[in-house]
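**Student:** The structure follows.
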Amino acid sequence: MIVRRWVFEVNAPGDEFCHHMKEALQRKGLLVGEAKVYDFSVRGFGARGYVKLTHHERGIEAQVKVKGVFGDVPALEAALLDAGRHAQTELLFPR
Amino acid sequence: MLTCPVCQGEVPEVLGAPEQRCPHCRAVLLASGGVATPVSAEENEPLGPTEADAAGALRQGFGVWLQNLGAFTAFWLVPALVTAATTLIGYALGLGEITGDTGEDWRFYAVSIPLGFLDFVTSLFFVGGVAGMVAEAKDRGYASLAHGYRTLAQHGDRLFTMAVLVGGLMLLALALILLPAAYFTYGEPTTGVGILLLLFLIVADIPGFLILYWFLFAIPIAALHPEWPPGRAFRESRAFAQRNRTIGFTFALVLLLIGTAVVSYLLTRTLNLGLQFSGGTGLPGPMLEALTAFVAALLASVLPVLISVHYLGSVAVPAAPPSPAEAMVAAAEAPEPAPTRRRVRCPNCDTPILYESTGRPVLVTCPTCGRQGTLR
């Protein structure tokens with residue numbers, strides 16, 4: 001299991017960030033679902049990930065936990081970071 | 001915000017991430033004290049897309065195929081008809097089976113291999129059209145048919161070259177398998193030689209599978225990136241397969257292909273039995289074989305959809321946002337937002353005050369009592 005804390009430098013509502021992040025994850029074929037403690041869960045590469053988004057003075061902080069004994073945990077971690085970057089780009093430089 | 005030393009664009013930071021990435025040119029940067037430097041000054045390789053989940057791609061691909069079943073089936077009619085026609089032509093020339101007689105069988109191979117190659121190349125050619133359908137309009141049903149045909153019309157020569165190259169490679173791989181198979185059919189191998197040949201028969205499958213694994217995505221890539229030469233499409237396909245570890249995905253496709261053949265066989269045999277029980281004589285042998293091949297080919301229309309969805313799912317990164325200079329030009333050319341008329345009541349005399357809002361704060365004066373206030 002790995003736990004990561006990333007702060008995405010962006011000034012935007014958390015729900016919009018969450019929406020863009022989920023969209024990017026679903027496009028990669030990952031299964032996005034509900035979570036009890038975290039904001040949402042994601043399944044893919046044989047691993048499970050949980051994401052909680054909170055406000056941070058520099059932007060939006062994402063607390064990420066990725067689990068999976070036999071799964072490809074680094075792949076899911078990279079996909080989550082990429083999705084966060086996608087959301088950040090969408091909000092900062094809207095097309 | 002950092003400044004990208006490559007494109008001079010603004011780079012929003014991700015604190016805690018192992019590296020920073022420019023959203024404009026996707027260059028990889030290291031942030032040290034607010035200054036961004038490329039990872040390698042000599043060769044600043046942009047980061048590629050991350051992996052896509054193969055199981056998720058299969059699920060999504062099936063979803064796309066089922067939602068647009070009519071359109072994909074209609075588009076795949078031509079390759080399916082070619083499959084049925086090649087089967088019928090084979091039978092018409094009396095090439096139904098391998099007899100074990102060398103002279104007869106050479107005639108069989110001389111006709112059936114080119115026919116099979118023609119069938120295979122036609123299917124591979126249409127894979128490019130399916131990629132165009134999936135990329136352009138996967139939710140638009142029959143309207144996406146036009147995208148498929150447009151892709152074939154615009155890049156037909158490139159797609160045909162790619163189809164012939166991939167088909168030729170697969171034929172070479174097949175020759176490796178046929179070599180020991182021919183010795184089993186026409187030679188008289190002793191037990192030791194037989195076991196060795198059997199082992200070779202198993203090992204000879206590996207090159208065919210490797211070619212399929214490496215170049216599975218070559219034709220969709222050629223259709224989606226018409227500016228790339230064929231060599232780059234092959235390289236990109238191999239890189240994609242290795243990056244996404246698509247061995248399991250490829251194996252699943254092979255199993256699906258076998259599954260379509262089995263389902264088609266069962267369906268057509270059941271239909272034939274039904275015809276015989278209802279008093280008829282059933283379909284003649286060649287017609288039944290051609291129908292089986294046709295149904296199997298139609299069902300196999302799911303395969304190019306799965307391949308295209310997997311490739312697009314992994315590389316569908318957002319289009320690079322405009323560079324800072326372009327964004328400034330676009331902002332300068334954008335029309336001013338029209339002012340909105342709003343109403344507020346004066347807290348002193350309760351008179352409704354109309355004001356035009358173009359943003360906050362707004363200075364408002366009551367027309368009755370003259371009281372002024374600022375709306376924030």
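Scheme for the structure tokens: letters A, B, ... for chains in order shown; per-chain residue numbers from 1; ligand numbers from 1 in order shown.
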Name the residues of chain A that come out as helix (DSSP H, G or I) in a backbone DSSP run; write them as a VMD selection string.
**Tutor:** chain A and resid 14 to 27 73 to 92
**Student:** Excluding A:Val42 and residues on its chain fewer than 2 positions from it, collect all residues at most 10 Å away from it, counting only C-alpha atoms, and give them as a PyMOL selection string.
**Tutor:** chain A and resi 22+25-26+30-35+40+44+47-51+66+76+80
**Student:** Please produce a file of those selected residues containing C-alpha atoms, as a short mmCIF file (atom, residue, chain, number, x, y, z; two decimals), in the first residue's frame.
**Tutor:**
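Result saved to result-v2.cif:
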```cif
data_model
loop_
_atom_site.label_atom_id
_atom_site.label_comp_id
_atom_site.auth_asym_id
_atom_site.auth_seq_id
_atom_site.Cartn_x
_atom_site.Cartn_y
_atom_site.Cartn_z
CA LYS A 22 -12.95 11.36 -12.44
CA LEU A 25 -9.74 8.31 -14.90
CA GLN A 26 -12.80 6.88 -16.64
CA LEU A 30 -10.56 2.78 -14.76
CA LEU A 31 -13.64 2.12 -12.66
CA VAL A 32 -14.60 5.11 -10.51
CA GLY A 33 -16.93 4.49 -7.58
CA GLU A 34 -18.12 5.77 -4.24
CA ALA A 35 -16.12 5.64 -1.01
CA PHE A 40 -14.15 8.53 -4.38
CA GLY A 44 -7.83 -0.66 -12.21
CA ALA A 47 -5.36 -2.38 -7.60
CA ARG A 48 -7.68 -0.08 -5.67
CA GLY A 49 -7.16 3.59 -4.99
CA TYR A 50 -8.91 6.07 -2.74
CA VAL A 51 -8.82 9.84 -3.18
CA VAL A 66 -3.40 2.87 -3.39
CA LEU A 76 -2.58 3.21 -10.74
CA LEU A 80 -4.12 9.17 -10.56
#
```
**Student:** Residues at most 10 Å from B:Tyr91, counting only C-alpha atoms, excluding those fewer than 6 positions away in the same chain, as JSON, numbers by chain?
**Tutor:** {"B": [85, 97, 112, 285, 286, 287, 289, 290]}
**Student:** At a cut-off of 6 Å, can you tabulate as CSV every residue of chain B near chain A together with its closest atom pair and the distance in Å to one decimal, using only C-alpha atoms and ordering rows by chain then number?
**Tutor:**
```
residue,atom,partner,partner_atom,distance
B:Pro12,CA,A:Glu9,CA,5.6
B:Glu13,CA,A:Glu9,CA,5.5
B:Val14,CA,A:Phe8,CA,4.6
B:Leu15,CA,A:Val7,CA,4.9
B:Gly16,CA,A:Trp6,CA,4.9
B:Thr50,CA,A:Ala79,CA,5.9
B:Ala52,CA,A:Lys28,CA,5.0
B:Asp53,CA,A:Phe45,CA,5.5
B:Gly56,CA,A:Gly29,CA,4.1
B:Ala57,CA,A:Gly29,CA,5.1
B:Gly313,CA,A:Lys28,CA,4.8
B:Ser314,CA,A:Lys28,CA,5.7
```
**Student:** Limited to C-alpha atoms, could you put the picked residues into a file as a tab-separated table (two decimals), in the first residue's frame?
**Tutor:**
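And here's out-v1.tsv as it stands now:
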```tsv
chain	number	residue	atom	x	y	z
B	12	PRO	CA	1.37	25.01	-12.35
B	13	GLU	CA	3.21	23.00	-9.72
B	14	VAL	CA	2.13	19.73	-8.16
B	15	LEU	CA	3.75	19.74	-4.73
B	16	GLY	CA	4.81	16.28	-3.67
B	50	THR	CA	0.34	6.74	-18.62
B	52	ALA	CA	-4.50	2.30	-19.63
B	53	ASP	CA	-6.17	-0.59	-17.84
B	56	GLY	CA	-11.26	-1.53	-18.37
B	57	ALA	CA	-10.50	-1.11	-22.08
B	313	GLY	CA	-8.13	5.33	-23.92
B	314	SER	CA	-4.44	5.45	-23.23
```
**Student:** For atom CA of B:Val82 and atom CA of B:Thr122, determine how far apart the two atoms are, in Å to one decimal place.
**Tutor:** 7.6 Å
**Student:** In Å to one decimal, how far is atom CA of B:Leu201 from atom CA of B:Tyr183?
**Tutor:**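 Computed distance, atom CA of B:Tyr183 to atom CA of B:Leu201, equals 10.7 Å.
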**Student:** Taking 2 positions as the minimum chain separation for residues in the same chain, which residues sit within 6 Å of stretch 149-166 of chain B when counting only C-alpha atoms? Answer as a PyMOL selection string.
**Tutor:** chain B and resi 121+124-125+129+132+146-147+168-169
**Student:** Based on the selection just made, write all heavy atoms of those residues as a CSV table (one decimal), in the first residue's frame.
**Tutor:**
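The resulting file, selection17.csv, is reproduced below:
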```csv
chain,number,residue,atom,x,y,z
B,121,VAL,N,-6.2,-9.2,-45.6
B,121,VAL,CA,-5.8,-7.8,-45.9
B,121,VAL,C,-7.0,-6.9,-45.9
B,121,VAL,O,-7.0,-5.8,-45.5
B,121,VAL,CB,-5.0,-7.8,-47.2
B,121,VAL,CG1,-4.9,-6.4,-47.7
B,121,VAL,CG2,-3.6,-8.4,-47.0
B,124,LEU,N,-8.0,-6.2,-42.4
B,124,LEU,CA,-7.0,-5.3,-41.8
B,124,LEU,C,-7.2,-3.9,-42.3
B,124,LEU,O,-7.1,-2.9,-41.6
B,124,LEU,CB,-5.6,-5.7,-42.1
B,124,LEU,CG,-5.1,-7.0,-41.3
B,124,LEU,CD1,-3.7,-7.4,-41.8
B,124,LEU,CD2,-5.0,-6.7,-39.8
B,125,PHE,N,-7.5,-3.8,-43.6
B,125,PHE,CA,-7.8,-2.5,-44.2
B,125,PHE,C,-9.0,-1.8,-43.5
B,125,PHE,O,-8.9,-0.6,-43.2
B,125,PHE,CB,-8.0,-2.7,-45.7
B,125,PHE,CG,-8.4,-1.4,-46.5
B,125,PHE,CD1,-7.4,-0.4,-46.6
B,125,PHE,CD2,-9.6,-1.2,-47.0
B,125,PHE,CE1,-7.7,0.7,-47.4
B,125,PHE,CE2,-9.9,-0.1,-47.8
B,125,PHE,CZ,-8.9,0.9,-47.9
B,129,GLY,N,-10.7,2.0,-40.8
B,129,GLY,CA,-12.0,2.7,-40.8
B,129,GLY,C,-12.7,2.6,-39.4
B,129,GLY,O,-13.3,3.6,-39.0
B,132,GLY,N,-11.3,5.1,-37.1
B,132,GLY,CA,-11.8,6.4,-37.4
B,132,GLY,C,-13.2,6.6,-36.8
B,132,GLY,O,-13.5,7.6,-36.3
B,146,ALA,N,-20.1,7.4,-41.7
B,146,ALA,CA,-19.5,8.3,-42.6
B,146,ALA,C,-18.1,8.5,-42.2
B,146,ALA,O,-17.2,8.6,-43.1
B,146,ALA,CB,-20.3,9.6,-42.6
B,147,HIS,N,-17.8,8.6,-40.9
B,147,HIS,CA,-16.4,8.8,-40.5
B,147,HIS,C,-15.5,7.6,-40.9
B,147,HIS,O,-14.4,7.8,-41.3
B,147,HIS,CB,-16.3,9.0,-39.0
B,147,HIS,CG,-16.8,10.3,-38.5
B,147,HIS,ND1,-16.0,11.4,-38.7
B,147,HIS,CD2,-17.9,10.7,-37.9
B,147,HIS,CE1,-16.7,12.5,-38.2
B,147,HIS,NE2,-17.9,12.1,-37.8
B,168,GLY,N,1.5,-9.6,-44.5
B,168,GLY,CA,2.7,-10.3,-45.0
B,168,GLY,C,3.5,-10.9,-43.8
B,168,GLY,O,3.9,-12.0,-43.9
B,169,LEU,N,3.6,-10.1,-42.8
B,169,LEU,CA,4.3,-10.5,-41.6
B,169,LEU,C,3.7,-11.7,-40.9
B,169,LEU,O,4.3,-12.7,-40.5
B,169,LEU,CB,4.4,-9.4,-40.6
B,169,LEU,CG,5.5,-8.3,-40.8
B,169,LEU,CD1,5.3,-7.1,-39.9
B,169,LEU,CD2,6.9,-8.9,-40.7
```
**Student:** Name the closest residue to B:Ala131 among the candidates B:Arg343, B:His24, B:Arg107, B:His225; distances are taken between atoms, counting only C-alpha atoms.
**Tutor:**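 Closest to B:Ala131, using only C-alpha atoms: B:His225.
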**Student:** Closest to A:Met21 among A:Ser41, A:Lys36, A:Pro74, A:His56, using only C-alpha atoms?
**Tutor:**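 Nearest to A:Met21: A:Ser41.
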**Student:** One decimal, in Å: what's the spacing between atom CA of B:Tyr142 and atom CA of B:Ile219?
**Tutor:**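 Separation of atom CA of B:Tyr142 and atom CA of B:Ile219: 22.4 Å.
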**Student:** Which polymer residues have any atom within 12 Å of an atom of B:Ala204, counting only C-alpha atoms, with same-chain residues fewer than 4 positions away left out, as a PyMOL selection string?
**Tutor:** chain B and resi 172-181+196-200+208-211
**Student:** Using only C-alpha atoms, which residue out of B:Cys22, B:Met1, B:Ala143, B:Val309 lies closest to A:Asn11?
**Tutor:**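 Closest to A:Asn11 of all the choices is B:Met1.
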**Student:** What's the 12 Å shell around B:Ala261, counting only C-alpha atoms, without same-chain residues fewer than 6 positions away, as a list in words?
**Tutor:**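 Using only C-alpha atoms, the neighbours found are Val254, Leu255, Leu267, Thr268, Glu289, Leu291, Thr292, Ala293, Phe294, Val295, Ala296, Ala297, Leu298, Leu299 and Ala300 of chain B.
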**Student:** Please provide the set of residues having any atom within 8 Å of B:Val130, restricted to only C-alpha atoms, with same-chain residues fewer than 3 positions apart removed, written as a PyMOL selection string.
**Tutor:** chain B and resi 72+75+126-127+133-134+148+304-305+308
**Student:** Give me a file of those residues, with N, CA, C and O atoms, as a PDB file, in the first residue's frame.
**Tutor:**
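Saved file again_0.pdb follows:
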```pdb
ATOM      1  N   PHE B  72     -21.423  -0.654 -36.530  1.00  0.00           N
ATOM      2  CA  PHE B  72     -20.193  -1.440 -36.694  1.00  0.00           C
ATOM      3  C   PHE B  72     -20.436  -2.662 -37.570  1.00  0.00           C
ATOM      4  O   PHE B  72     -19.601  -3.034 -38.390  1.00  0.00           O
ATOM      5  N   PHE B  75     -20.695  -1.562 -41.150  1.00  0.00           N
ATOM      6  CA  PHE B  75     -19.379  -1.217 -41.700  1.00  0.00           C
ATOM      7  C   PHE B  75     -18.561  -2.473 -41.990  1.00  0.00           C
ATOM      8  O   PHE B  75     -17.783  -2.519 -42.931  1.00  0.00           O
ATOM      9  N   PHE B 126     -10.005  -2.542 -43.262  1.00  0.00           N
ATOM     10  CA  PHE B 126     -11.196  -1.961 -42.647  1.00  0.00           C
ATOM     11  C   PHE B 126     -10.998  -1.653 -41.157  1.00  0.00           C
ATOM     12  O   PHE B 126     -11.797  -0.911 -40.582  1.00  0.00           O
ATOM     13  N   VAL B 127      -9.958  -2.237 -40.550  1.00  0.00           N
ATOM     14  CA  VAL B 127      -9.658  -1.913 -39.136  1.00  0.00           C
ATOM     15  C   VAL B 127      -9.396  -0.407 -39.007  1.00  0.00           C
ATOM     16  O   VAL B 127      -9.808   0.237 -38.039  1.00  0.00           O
ATOM     17  N   MET B 133     -14.034   5.529 -36.916  1.00  0.00           N
ATOM     18  CA  MET B 133     -15.387   5.594 -36.338  1.00  0.00           C
ATOM     19  C   MET B 133     -15.327   5.790 -34.838  1.00  0.00           C
ATOM     20  O   MET B 133     -16.052   6.598 -34.261  1.00  0.00           O
ATOM     21  N   VAL B 134     -14.457   5.010 -34.181  1.00  0.00           N
ATOM     22  CA  VAL B 134     -14.370   5.074 -32.712  1.00  0.00           C
ATOM     23  C   VAL B 134     -13.822   6.432 -32.276  1.00  0.00           C
ATOM     24  O   VAL B 134     -14.303   7.034 -31.314  1.00  0.00           O
ATOM     25  N   GLY B 148     -16.067   6.446 -40.765  1.00  0.00           N
ATOM     26  CA  GLY B 148     -15.309   5.259 -41.149  1.00  0.00           C
ATOM     27  C   GLY B 148     -14.958   5.278 -42.627  1.00  0.00           C
ATOM     28  O   GLY B 148     -13.805   5.076 -43.008  1.00  0.00           O
ATOM     29  N   PRO B 304     -11.656  -5.040 -33.808  1.00  0.00           N
ATOM     30  CA  PRO B 304     -11.060  -3.719 -34.074  1.00  0.00           C
ATOM     31  C   PRO B 304     -11.581  -2.623 -33.153  1.00  0.00           C
ATOM     32  O   PRO B 304     -10.863  -1.666 -32.862  1.00  0.00           O
ATOM     33  N   VAL B 305     -12.829  -2.776 -32.691  1.00  0.00           N
ATOM     34  CA  VAL B 305     -13.373  -1.769 -31.761  1.00  0.00           C
ATOM     35  C   VAL B 305     -12.590  -1.815 -30.454  1.00  0.00           C
ATOM     36  O   VAL B 305     -12.181  -0.782 -29.910  1.00  0.00           O
ATOM     37  N   SER B 308      -9.085  -0.309 -30.943  1.00  0.00           N
ATOM     38  CA  SER B 308      -9.109   1.154 -31.074  1.00  0.00           C
ATOM     39  C   SER B 308      -9.427   1.816 -29.745  1.00  0.00           C
ATOM     40  O   SER B 308      -8.819   2.828 -29.396  1.00  0.00           O
TER      41      SER B 308
END
```
**Student:** Pick out the closest residue to B:Leu363 from this set: B:Gln67, B:Val262, B:Leu375, B:Pro5. Count only C-alpha atoms.
**Tutor:**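 Ranking B:Gln67, B:Val262, B:Leu375, B:Pro5 by distance to B:Leu363, first place goes to B:Leu375.
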